Amino acid sequence: MKGNRKLKKVEISELSEDLLCQILKRVSDQVDRKQVLQVCKQWFTLEGLTRRSLCLLEISRLRKVLPRFPNLVTFQTSRSISEEADLEFIAQTCPKLKAVNLYGVGLLPKNGLYGLSSGGGLPKLSKVSVRGRRCAGIERWLDRFPNLTYLDLGNCRGVDDNAVEAIGLLCTCLSYLNLDRADISDDGLRLLAHGSCSKTLKTLVLAHCYDITDLGLSHLQNMQCLEELDLESCGGEDTDVTDTGVIDAISSNRSLKKLNLGRLTNVSDQSMVYVAGNCPNLEILDLTGCYNVTGAGVLAISGHMCLESLGL
């Protein structure tokens, strides 16, 4: 009878590599994966083939470790990468990479990320973070990665007006851009706001960009897809950012969901009244350190239908 049919015993050696890879893909817990690769050489090899992300703690082990993981989608290290040959090796060994996270305080080669474009390059690369690094000469490598949607240059030395001009011209798919503490001026922001990325950017971080004034923020009227805008401490301690700049910046962005005006000490109730009436989708508003916003301004925004979080 069918109910009494015995299951056939199958040895692991009889299973195809594709089937074993499918099994491993269902093991998402990192502790479980470490235990699996210790079972035998076959599982060890297949675990490397199915690994999708890797955080490398010692760059000196790059050439020994990386060849085991040719199908990586995400690569991360906070260590110094001062040799362009190391970036070339990453690109050639893991051509399927979509995200490269080099967040840290170490060095990058003098040509930045140009080495990642070696050979066939990384055609699927869409997310790059070099937060905290020295990243001069961005314009020399940015055109090698036309599919970038996410670029984090926060707290990077060497990000100036030339860099943001290149971003505006070359990044036609960009939706996230972090320029925290960038050395950019009103003219740089003008070049960015009138570049190709102005039609695609959804998140823009300009926190601690001390040389930006109301004039620079007025150019953000050309960016009509923004959903998140961070202006914390923009303009410095004796800030040149006032209600005029804030209102101009958001006047064409009715899609805004998150707005950070933290420590803009010259922003007042006037901005709150404008935000309340012209940002219908706003969910998060940060007013930390906005000492000129009074109870009347808070009252104006507190009745907002979509507001979920208000920082004071």
# chains A, B, ... in the order shown; residues from 1 in each chain; ligands from 1
$ residues_around --residues "Gly154 of chain A" --least-positions-apart "3" --cutoff "8 Å" --atoms "only C-alpha atoms" --output "mmCIF file with C-alpha atoms, in the first residue's frame"
data_model
loop_
_atom_site.group_PDB
_atom_site.id
_atom_site.type_symbol
_atom_site.label_atom_id
_atom_site.label_comp_id
_atom_site.auth_asym_id
_atom_site.auth_seq_id
_atom_site.Cartn_x
_atom_site.Cartn_y
_atom_site.Cartn_z
ATOM 1 C CA VAL A 130 32.741 55.607 2.423
ATOM 2 C CA ARG A 131 31.537 57.450 5.497
ATOM 3 C CA GLY A 132 34.367 58.860 7.582
ATOM 4 C CA ASN A 178 24.542 61.876 2.648
ATOM 5 C CA LEU A 179 26.743 64.991 2.623
ATOM 6 C CA ASP A 180 27.037 65.402 6.396
ATOM 7 C CA ARG A 181 29.930 67.798 7.167
ATOM 8 C CA ALA A 182 30.794 68.247 3.500
#
$ residues_around --residues "segment 210-224 of chain A" --least-positions-apart "4" --cutoff "6 Å" --atoms "only C-alpha atoms" --output "list in words"
Ser185, Asp186, Leu189, Arg190, Ala193, Ser198, Cys234, Gly235, Gly236, Asp240, Val241, Gly245, Asp248, Ala249, Ser252 and Asn253 of chain A
$ write_last_selection --atoms "N, CA and C atoms" --output "PDB file, in the first residue's frame"
ATOM      1  N   SER A 185      29.535  74.792  -0.663  1.00  0.00           N
ATOM      2  CA  SER A 185      29.009  76.148  -0.555  1.00  0.00           C
ATOM      3  C   SER A 185      27.637  76.233  -1.220  1.00  0.00           C
ATOM      4  N   ASP A 186      27.089  77.430  -1.230  1.00  0.00           N
ATOM      5  CA  ASP A 186      25.810  77.657  -1.912  1.00  0.00           C
ATOM      6  C   ASP A 186      25.904  77.299  -3.389  1.00  0.00           C
ATOM      7  N   LEU A 189      25.691  73.575  -3.884  1.00  0.00           N
ATOM      8  CA  LEU A 189      24.309  73.097  -3.737  1.00  0.00           C
ATOM      9  C   LEU A 189      23.481  73.454  -4.963  1.00  0.00           C
ATOM     10  N   ARG A 190      23.800  74.587  -5.569  1.00  0.00           N
ATOM     11  CA  ARG A 190      23.114  74.965  -6.822  1.00  0.00           C
ATOM     12  C   ARG A 190      23.423  73.952  -7.920  1.00  0.00           C
ATOM     13  N   ALA A 193      21.546  70.705  -7.156  1.00  0.00           N
ATOM     14  CA  ALA A 193      20.091  70.808  -7.302  1.00  0.00           C
ATOM     15  C   ALA A 193      19.640  70.919  -8.748  1.00  0.00           C
ATOM     16  N   SER A 198      18.598  65.535  -9.314  1.00  0.00           N
ATOM     17  CA  SER A 198      17.519  66.321  -8.717  1.00  0.00           C
ATOM     18  C   SER A 198      16.151  65.703  -8.984  1.00  0.00           C
ATOM     19  N   CYS A 234      22.917  73.224   9.895  1.00  0.00           N
ATOM     20  CA  CYS A 234      23.328  73.749   8.594  1.00  0.00           C
ATOM     21  C   CYS A 234      23.621  75.247   8.744  1.00  0.00           C
ATOM     22  N   GLY A 235      24.780  75.684   8.259  1.00  0.00           N
ATOM     23  CA  GLY A 235      25.149  77.086   8.378  1.00  0.00           C
ATOM     24  C   GLY A 235      26.013  77.406   9.579  1.00  0.00           C
ATOM     25  N   GLY A 236      26.213  76.470  10.473  1.00  0.00           N
ATOM     26  CA  GLY A 236      27.106  76.678  11.616  1.00  0.00           C
ATOM     27  C   GLY A 236      26.415  77.294  12.813  1.00  0.00           C
ATOM     28  N   ASP A 240      23.519  81.116   9.149  1.00  0.00           N
ATOM     29  CA  ASP A 240      22.963  81.983   8.114  1.00  0.00           C
ATOM     30  C   ASP A 240      21.695  81.372   7.525  1.00  0.00           C
ATOM     31  N   VAL A 241      21.188  80.331   8.177  1.00  0.00           N
ATOM     32  CA  VAL A 241      19.956  79.685   7.727  1.00  0.00           C
ATOM     33  C   VAL A 241      18.802  80.194   8.579  1.00  0.00           C
ATOM     34  N   GLY A 245      15.240  80.489   4.208  1.00  0.00           N
ATOM     35  CA  GLY A 245      15.883  79.338   3.583  1.00  0.00           C
ATOM     36  C   GLY A 245      15.098  78.064   3.752  1.00  0.00           C
ATOM     37  N   ASP A 248      11.957  78.171   1.542  1.00  0.00           N
ATOM     38  CA  ASP A 248      12.327  77.977   0.141  1.00  0.00           C
ATOM     39  C   ASP A 248      12.678  76.513  -0.139  1.00  0.00           C
ATOM     40  N   ALA A 249      13.416  75.894   0.781  1.00  0.00           N
ATOM     41  CA  ALA A 249      13.889  74.521   0.579  1.00  0.00           C
ATOM     42  C   ALA A 249      12.749  73.524   0.451  1.00  0.00           C
ATOM     43  N   SER A 252       8.714  73.267  -2.710  1.00  0.00           N
ATOM     44  CA  SER A 252       8.310  72.416  -3.842  1.00  0.00           C
ATOM     45  C   SER A 252       8.301  70.938  -3.477  1.00  0.00           C
ATOM     46  N   ASN A 253       8.406  70.652  -2.168  1.00  0.00           N
ATOM     47  CA  ASN A 253       8.525  69.256  -1.737  1.00  0.00           C
ATOM     48  C   ASN A 253       7.370  68.840  -0.834  1.00  0.00           C
TER      49      ASN A 253
END
$ select_by_dssp --residues "segment 41-125 of chain A" --states "strand (DSSP E)" --output "VMD selection string"
chain A and resid 53 to 55 74 to 76 99 to 101
$ closest_residue --among "A:Gly277, A:Arg52, A:Asp230, A:Leu46" --to "Ser28 of chain A" --atoms "only C-alpha atoms"
A:Arg52
$ atom_distance --atom1 "atom CA of Cys173 of chain A" --atom2 "atom CA of Ser251 of chain A"
23.1 Å
$ residues_around --residues "Val128 of chain A" --least-positions-apart "6" --cutoff "6 Å" --atoms "only C-alpha atoms" --output "PyMOL selection string"
chain A and resi 99-101+151
$ write_last_selection --atoms "C-alpha atoms" --output "tab-separated table (two decimals), in the first residue's frame"
chain	number	residue	atom	x	y	z
A	99	ALA	CA	26.76	47.11	-2.02
A	100	VAL	CA	30.21	48.17	-0.81
A	101	ASN	CA	30.42	49.58	2.71
A	151	LEU	CA	25.83	57.21	-1.74
$ select_by_dssp --residues "segment 188-257 of chain A" --states "helix (DSSP H, G or I)" --output "PDB file with all heavy atoms, in the first residue's frame"
ATOM      1  N   GLY A 188      27.879  75.062  -4.766  1.00  0.00           N
ATOM      2  CA  GLY A 188      27.888  73.612  -4.892  1.00  0.00           C
ATOM      3  C   GLY A 188      26.489  73.036  -4.799  1.00  0.00           C
ATOM      4  O   GLY A 188      26.120  72.131  -5.556  1.00  0.00           O
ATOM      5  N   LEU A 189      25.691  73.575  -3.884  1.00  0.00           N
ATOM      6  CA  LEU A 189      24.309  73.097  -3.737  1.00  0.00           C
ATOM      7  C   LEU A 189      23.481  73.454  -4.963  1.00  0.00           C
ATOM      8  O   LEU A 189      22.600  72.693  -5.381  1.00  0.00           O
ATOM      9  CB  LEU A 189      23.696  73.715  -2.482  1.00  0.00           C
ATOM     10  CG  LEU A 189      22.463  73.002  -1.909  1.00  0.00           C
ATOM     11  CD1 LEU A 189      22.718  71.519  -1.709  1.00  0.00           C
ATOM     12  CD2 LEU A 189      22.027  73.651  -0.601  1.00  0.00           C
ATOM     13  N   ARG A 190      23.800  74.587  -5.569  1.00  0.00           N
ATOM     14  CA  ARG A 190      23.114  74.965  -6.822  1.00  0.00           C
ATOM     15  C   ARG A 190      23.423  73.952  -7.920  1.00  0.00           C
ATOM     16  O   ARG A 190      22.517  73.513  -8.644  1.00  0.00           O
ATOM     17  CB  ARG A 190      23.559  76.364  -7.258  1.00  0.00           C
ATOM     18  CG  ARG A 190      22.994  76.810  -8.611  1.00  0.00           C
ATOM     19  CD  ARG A 190      23.580  78.135  -9.053  1.00  0.00           C
ATOM     20  NE  ARG A 190      25.007  78.060  -9.276  1.00  0.00           N
ATOM     21  CZ  ARG A 190      25.555  77.603 -10.414  1.00  0.00           C
ATOM     22  NH1 ARG A 190      24.792  77.160 -11.400  1.00  0.00           N
ATOM     23  NH2 ARG A 190      26.878  77.585 -10.544  1.00  0.00           N
ATOM     24  N   LEU A 191      24.684  73.570  -8.045  1.00  0.00           N
ATOM     25  CA  LEU A 191      25.082  72.611  -9.067  1.00  0.00           C
ATOM     26  C   LEU A 191      24.418  71.254  -8.839  1.00  0.00           C
ATOM     27  O   LEU A 191      24.002  70.589  -9.790  1.00  0.00           O
ATOM     28  CB  LEU A 191      26.608  72.466  -9.067  1.00  0.00           C
ATOM     29  CG  LEU A 191      27.403  73.705  -9.487  1.00  0.00           C
ATOM     30  CD1 LEU A 191      28.877  73.513  -9.176  1.00  0.00           C
ATOM     31  CD2 LEU A 191      27.190  74.000 -10.965  1.00  0.00           C
ATOM     32  N   LEU A 192      24.321  70.855  -7.581  1.00  0.00           N
ATOM     33  CA  LEU A 192      23.678  69.582  -7.256  1.00  0.00           C
ATOM     34  C   LEU A 192      22.189  69.624  -7.569  1.00  0.00           C
ATOM     35  O   LEU A 192      21.634  68.704  -8.182  1.00  0.00           O
ATOM     36  CB  LEU A 192      23.893  69.261  -5.774  1.00  0.00           C
ATOM     37  CG  LEU A 192      23.254  67.965  -5.266  1.00  0.00           C
ATOM     38  CD1 LEU A 192      23.974  66.752  -5.848  1.00  0.00           C
ATOM     39  CD2 LEU A 192      23.289  67.914  -3.736  1.00  0.00           C
ATOM     40  N   ALA A 193      21.546  70.705  -7.156  1.00  0.00           N
ATOM     41  CA  ALA A 193      20.091  70.808  -7.302  1.00  0.00           C
ATOM     42  C   ALA A 193      19.640  70.919  -8.748  1.00  0.00           C
ATOM     43  O   ALA A 193      18.485  70.621  -9.063  1.00  0.00           O
ATOM     44  CB  ALA A 193      19.587  72.016  -6.511  1.00  0.00           C
ATOM     45  N   SER A 196      21.308  65.980 -12.758  1.00  0.00           N
ATOM     46  CA  SER A 196      20.398  64.880 -13.099  1.00  0.00           C
ATOM     47  C   SER A 196      19.754  64.253 -11.876  1.00  0.00           C
ATOM     48  O   SER A 196      18.592  63.827 -11.920  1.00  0.00           O
ATOM     49  CB  SER A 196      21.164  63.807 -13.879  1.00  0.00           C
ATOM     50  OG  SER A 196      21.693  64.321 -15.078  1.00  0.00           O
ATOM     51  N   CYS A 197      20.490  64.194 -10.757  1.00  0.00           N
ATOM     52  CA  CYS A 197      19.952  63.517  -9.576  1.00  0.00           C
ATOM     53  C   CYS A 197      18.817  64.292  -8.912  1.00  0.00           C
ATOM     54  O   CYS A 197      18.127  63.762  -8.034  1.00  0.00           O
ATOM     55  CB  CYS A 197      21.061  63.231  -8.568  1.00  0.00           C
ATOM     56  SG  CYS A 197      21.733  64.702  -7.780  1.00  0.00           S
ATOM     57  N   SER A 198      18.598  65.535  -9.314  1.00  0.00           N
ATOM     58  CA  SER A 198      17.519  66.321  -8.717  1.00  0.00           C
ATOM     59  C   SER A 198      16.151  65.703  -8.984  1.00  0.00           C
ATOM     60  O   SER A 198      15.193  65.957  -8.248  1.00  0.00           O
ATOM     61  CB  SER A 198      17.539  67.753  -9.262  1.00  0.00           C
ATOM     62  OG  SER A 198      17.264  67.762 -10.663  1.00  0.00           O
ATOM     63  N   LYS A 199      16.081  64.873 -10.011  1.00  0.00           N
ATOM     64  CA  LYS A 199      14.807  64.244 -10.369  1.00  0.00           C
ATOM     65  C   LYS A 199      14.588  62.903  -9.683  1.00  0.00           C
ATOM     66  O   LYS A 199      13.511  62.316  -9.800  1.00  0.00           O
ATOM     67  CB  LYS A 199      14.734  64.067 -11.895  1.00  0.00           C
ATOM     68  CG  LYS A 199      14.816  65.366 -12.687  1.00  0.00           C
ATOM     69  CD  LYS A 199      14.820  65.095 -14.180  1.00  0.00           C
ATOM     70  CE  LYS A 199      14.817  66.374 -14.993  1.00  0.00           C
ATOM     71  NZ  LYS A 199      16.008  67.209 -14.739  1.00  0.00           N
ATOM     72  N   ASP A 214      20.863  80.685   3.311  1.00  0.00           N
ATOM     73  CA  ASP A 214      19.508  80.686   2.732  1.00  0.00           C
ATOM     74  C   ASP A 214      19.557  80.610   1.214  1.00  0.00           C
ATOM     75  O   ASP A 214      18.719  79.961   0.583  1.00  0.00           O
ATOM     76  CB  ASP A 214      18.758  81.954   3.147  1.00  0.00           C
ATOM     77  CG  ASP A 214      18.279  81.911   4.594  1.00  0.00           C
ATOM     78  OD1 ASP A 214      18.306  80.813   5.189  1.00  0.00           O
ATOM     79  OD2 ASP A 214      17.897  82.971   5.120  1.00  0.00           O
ATOM     80  N   LEU A 215      20.540  81.284   0.620  1.00  0.00           N
ATOM     81  CA  LEU A 215      20.651  81.290  -0.844  1.00  0.00           C
ATOM     82  C   LEU A 215      20.836  79.873  -1.375  1.00  0.00           C
ATOM     83  O   LEU A 215      20.199  79.481  -2.360  1.00  0.00           O
ATOM     84  CB  LEU A 215      21.818  82.174  -1.270  1.00  0.00           C
ATOM     85  CG  LEU A 215      22.111  82.217  -2.774  1.00  0.00           C
ATOM     86  CD1 LEU A 215      20.914  82.776  -3.532  1.00  0.00           C
ATOM     87  CD2 LEU A 215      23.364  83.056  -3.052  1.00  0.00           C
ATOM     88  N   GLY A 216      21.701  79.115  -0.741  1.00  0.00           N
ATOM     89  CA  GLY A 216      21.914  77.745  -1.184  1.00  0.00           C
ATOM     90  C   GLY A 216      20.664  76.895  -1.041  1.00  0.00           C
ATOM     91  O   GLY A 216      20.305  76.132  -1.952  1.00  0.00           O
ATOM     92  N   LEU A 217      19.975  77.025   0.086  1.00  0.00           N
ATOM     93  CA  LEU A 217      18.774  76.222   0.318  1.00  0.00           C
ATOM     94  C   LEU A 217      17.660  76.559  -0.669  1.00  0.00           C
ATOM     95  O   LEU A 217      16.819  75.710  -0.973  1.00  0.00           O
ATOM     96  CB  LEU A 217      18.276  76.423   1.755  1.00  0.00           C
ATOM     97  CG  LEU A 217      19.179  75.866   2.860  1.00  0.00           C
ATOM     98  CD1 LEU A 217      18.527  76.067   4.224  1.00  0.00           C
ATOM     99  CD2 LEU A 217      19.467  74.380   2.640  1.00  0.00           C
ATOM    100  N   SER A 218      17.677  77.773  -1.182  1.00  0.00           N
ATOM    101  CA  SER A 218      16.635  78.155  -2.145  1.00  0.00           C
ATOM    102  C   SER A 218      16.689  77.300  -3.415  1.00  0.00           C
ATOM    103  O   SER A 218      15.678  77.107  -4.094  1.00  0.00           O
ATOM    104  CB  SER A 218      16.764  79.638  -2.513  1.00  0.00           C
ATOM    105  OG  SER A 218      17.947  79.875  -3.287  1.00  0.00           O
ATOM    106  N   HIS A 219      17.861  76.761  -3.728  1.00  0.00           N
ATOM    107  CA  HIS A 219      17.997  75.932  -4.928  1.00  0.00           C
ATOM    108  C   HIS A 219      17.308  74.572  -4.775  1.00  0.00           C
ATOM    109  O   HIS A 219      17.053  73.896  -5.774  1.00  0.00           O
ATOM    110  CB  HIS A 219      19.471  75.727  -5.260  1.00  0.00           C
ATOM    111  CG  HIS A 219      20.198  76.988  -5.607  1.00  0.00           C
ATOM    112  ND1 HIS A 219      19.855  77.778  -6.671  1.00  0.00           N
ATOM    113  CD2 HIS A 219      21.249  77.613  -4.998  1.00  0.00           C
ATOM    114  CE1 HIS A 219      20.665  78.817  -6.734  1.00  0.00           C
ATOM    115  NE2 HIS A 219      21.514  78.746  -5.725  1.00  0.00           N
ATOM    116  N   LEU A 220      17.011  74.183  -3.544  1.00  0.00           N
ATOM    117  CA  LEU A 220      16.337  72.888  -3.333  1.00  0.00           C
ATOM    118  C   LEU A 220      14.914  72.891  -3.863  1.00  0.00           C
ATOM    119  O   LEU A 220      14.266  71.837  -3.930  1.00  0.00           O
ATOM    120  CB  LEU A 220      16.347  72.517  -1.838  1.00  0.00           C
ATOM    121  CG  LEU A 220      17.724  72.298  -1.198  1.00  0.00           C
ATOM    122  CD1 LEU A 220      17.568  71.780   0.226  1.00  0.00           C
ATOM    123  CD2 LEU A 220      18.570  71.325  -2.014  1.00  0.00           C
ATOM    124  N   GLN A 221      14.423  74.046  -4.254  1.00  0.00           N
ATOM    125  CA  GLN A 221      13.104  74.098  -4.892  1.00  0.00           C
ATOM    126  C   GLN A 221      13.078  73.261  -6.172  1.00  0.00           C
ATOM    127  O   GLN A 221      12.017  72.827  -6.617  1.00  0.00           O
ATOM    128  CB  GLN A 221      12.739  75.548  -5.231  1.00  0.00           C
ATOM    129  CG  GLN A 221      12.598  76.444  -4.025  1.00  0.00           C
ATOM    130  CD  GLN A 221      12.305  77.876  -4.421  1.00  0.00           C
ATOM    131  OE1 GLN A 221      11.204  78.200  -4.903  1.00  0.00           O
ATOM    132  NE2 GLN A 221      13.271  78.765  -4.238  1.00  0.00           N
ATOM    133  N   ASN A 222      14.262  73.046  -6.736  1.00  0.00           N
ATOM    134  CA  ASN A 222      14.349  72.272  -7.976  1.00  0.00           C
ATOM    135  C   ASN A 222      14.285  70.766  -7.726  1.00  0.00           C
ATOM    136  O   ASN A 222      14.183  69.988  -8.669  1.00  0.00           O
ATOM    137  CB  ASN A 222      15.655  72.615  -8.710  1.00  0.00           C
ATOM    138  CG  ASN A 222      15.621  72.225 -10.164  1.00  0.00           C
ATOM    139  OD1 ASN A 222      14.683  72.605 -10.877  1.00  0.00           O
ATOM    140  ND2 ASN A 222      16.613  71.470 -10.623  1.00  0.00           N
ATOM    141  N   ASP A 243      14.259  81.330   8.501  1.00  0.00           N
ATOM    142  CA  ASP A 243      12.959  80.878   7.997  1.00  0.00           C
ATOM    143  C   ASP A 243      12.902  80.962   6.474  1.00  0.00           C
ATOM    144  O   ASP A 243      12.303  80.104   5.818  1.00  0.00           O
ATOM    145  CB  ASP A 243      11.837  81.748   8.589  1.00  0.00           C
ATOM    146  CG  ASP A 243      11.646  81.508  10.074  1.00  0.00           C
ATOM    147  OD1 ASP A 243      11.689  80.338  10.496  1.00  0.00           O
ATOM    148  OD2 ASP A 243      11.457  82.490  10.812  1.00  0.00           O
ATOM    149  N   THR A 244      13.519  81.985   5.908  1.00  0.00           N
ATOM    150  CA  THR A 244      13.497  82.164   4.453  1.00  0.00           C
ATOM    151  C   THR A 244      14.082  80.951   3.741  1.00  0.00           C
ATOM    152  O   THR A 244      13.501  80.423   2.778  1.00  0.00           O
ATOM    153  CB  THR A 244      14.289  83.419   4.057  1.00  0.00           C
ATOM    154  OG1 THR A 244      13.703  84.566   4.664  1.00  0.00           O
ATOM    155  CG2 THR A 244      14.297  83.598   2.544  1.00  0.00           C
ATOM    156  N   GLY A 245      15.240  80.489   4.208  1.00  0.00           N
ATOM    157  CA  GLY A 245      15.883  79.338   3.583  1.00  0.00           C
ATOM    158  C   GLY A 245      15.098  78.064   3.752  1.00  0.00           C
ATOM    159  O   GLY A 245      14.965  77.271   2.807  1.00  0.00           O
ATOM    160  N   VAL A 246      14.583  77.835   4.950  1.00  0.00           N
ATOM    161  CA  VAL A 246      13.811  76.613   5.216  1.00  0.00           C
ATOM    162  C   VAL A 246      12.556  76.578   4.357  1.00  0.00           C
ATOM    163  O   VAL A 246      12.229  75.553   3.729  1.00  0.00           O
ATOM    164  CB  VAL A 246      13.444  76.518   6.711  1.00  0.00           C
ATOM    165  CG1 VAL A 246      12.447  75.385   6.947  1.00  0.00           C
ATOM    166  CG2 VAL A 246      14.703  76.290   7.545  1.00  0.00           C
ATOM    167  N   ILE A 247      11.850  77.681   4.312  1.00  0.00           N
ATOM    168  CA  ILE A 247      10.607  77.734   3.526  1.00  0.00           C
ATOM    169  C   ILE A 247      10.894  77.535   2.041  1.00  0.00           C
ATOM    170  O   ILE A 247      10.178  76.797   1.348  1.00  0.00           O
ATOM    171  CB  ILE A 247       9.869  79.066   3.787  1.00  0.00           C
ATOM    172  CG1 ILE A 247       9.329  79.083   5.226  1.00  0.00           C
ATOM    173  CG2 ILE A 247       8.733  79.259   2.785  1.00  0.00           C
ATOM    174  CD1 ILE A 247       8.741  80.411   5.648  1.00  0.00           C
ATOM    175  N   ASP A 248      11.957  78.171   1.542  1.00  0.00           N
ATOM    176  CA  ASP A 248      12.327  77.977   0.141  1.00  0.00           C
ATOM    177  C   ASP A 248      12.678  76.513  -0.139  1.00  0.00           C
ATOM    178  O   ASP A 248      12.305  75.948  -1.174  1.00  0.00           O
ATOM    179  CB  ASP A 248      13.522  78.860  -0.225  1.00  0.00           C
ATOM    180  CG  ASP A 248      13.139  80.308  -0.430  1.00  0.00           C
ATOM    181  OD1 ASP A 248      11.932  80.593  -0.562  1.00  0.00           O
ATOM    182  OD2 ASP A 248      14.048  81.169  -0.444  1.00  0.00           O
ATOM    183  N   ALA A 249      13.416  75.894   0.781  1.00  0.00           N
ATOM    184  CA  ALA A 249      13.889  74.521   0.579  1.00  0.00           C
ATOM    185  C   ALA A 249      12.749  73.524   0.451  1.00  0.00           C
ATOM    186  O   ALA A 249      12.833  72.564  -0.326  1.00  0.00           O
ATOM    187  CB  ALA A 249      14.809  74.112   1.730  1.00  0.00           C
ATOM    188  N   ILE A 250      11.677  73.747   1.205  1.00  0.00           N
ATOM    189  CA  ILE A 250      10.586  72.762   1.212  1.00  0.00           C
ATOM    190  C   ILE A 250       9.389  73.189   0.378  1.00  0.00           C
ATOM    191  O   ILE A 250       8.419  72.430   0.254  1.00  0.00           O
ATOM    192  CB  ILE A 250      10.118  72.473   2.656  1.00  0.00           C
ATOM    193  CG1 ILE A 250       9.515  73.723   3.292  1.00  0.00           C
ATOM    194  CG2 ILE A 250      11.275  71.939   3.494  1.00  0.00           C
ATOM    195  CD1 ILE A 250       8.974  73.484   4.694  1.00  0.00           C
TER     196      ILE A 250
END
$ closest_residue --among "A:Thr200, A:Ser118, A:Thr242, A:Thr288" --to "Gln270 of chain A" --atoms "only C-alpha atoms"
A:Thr242
$ residues_around --residues "Thr265 of chain A" --least-positions-apart "3" --cutoff "7 Å" --atoms "only C-alpha atoms" --output "list in words"
Gly289, Cys290, Tyr291 and Asn292 of chain A
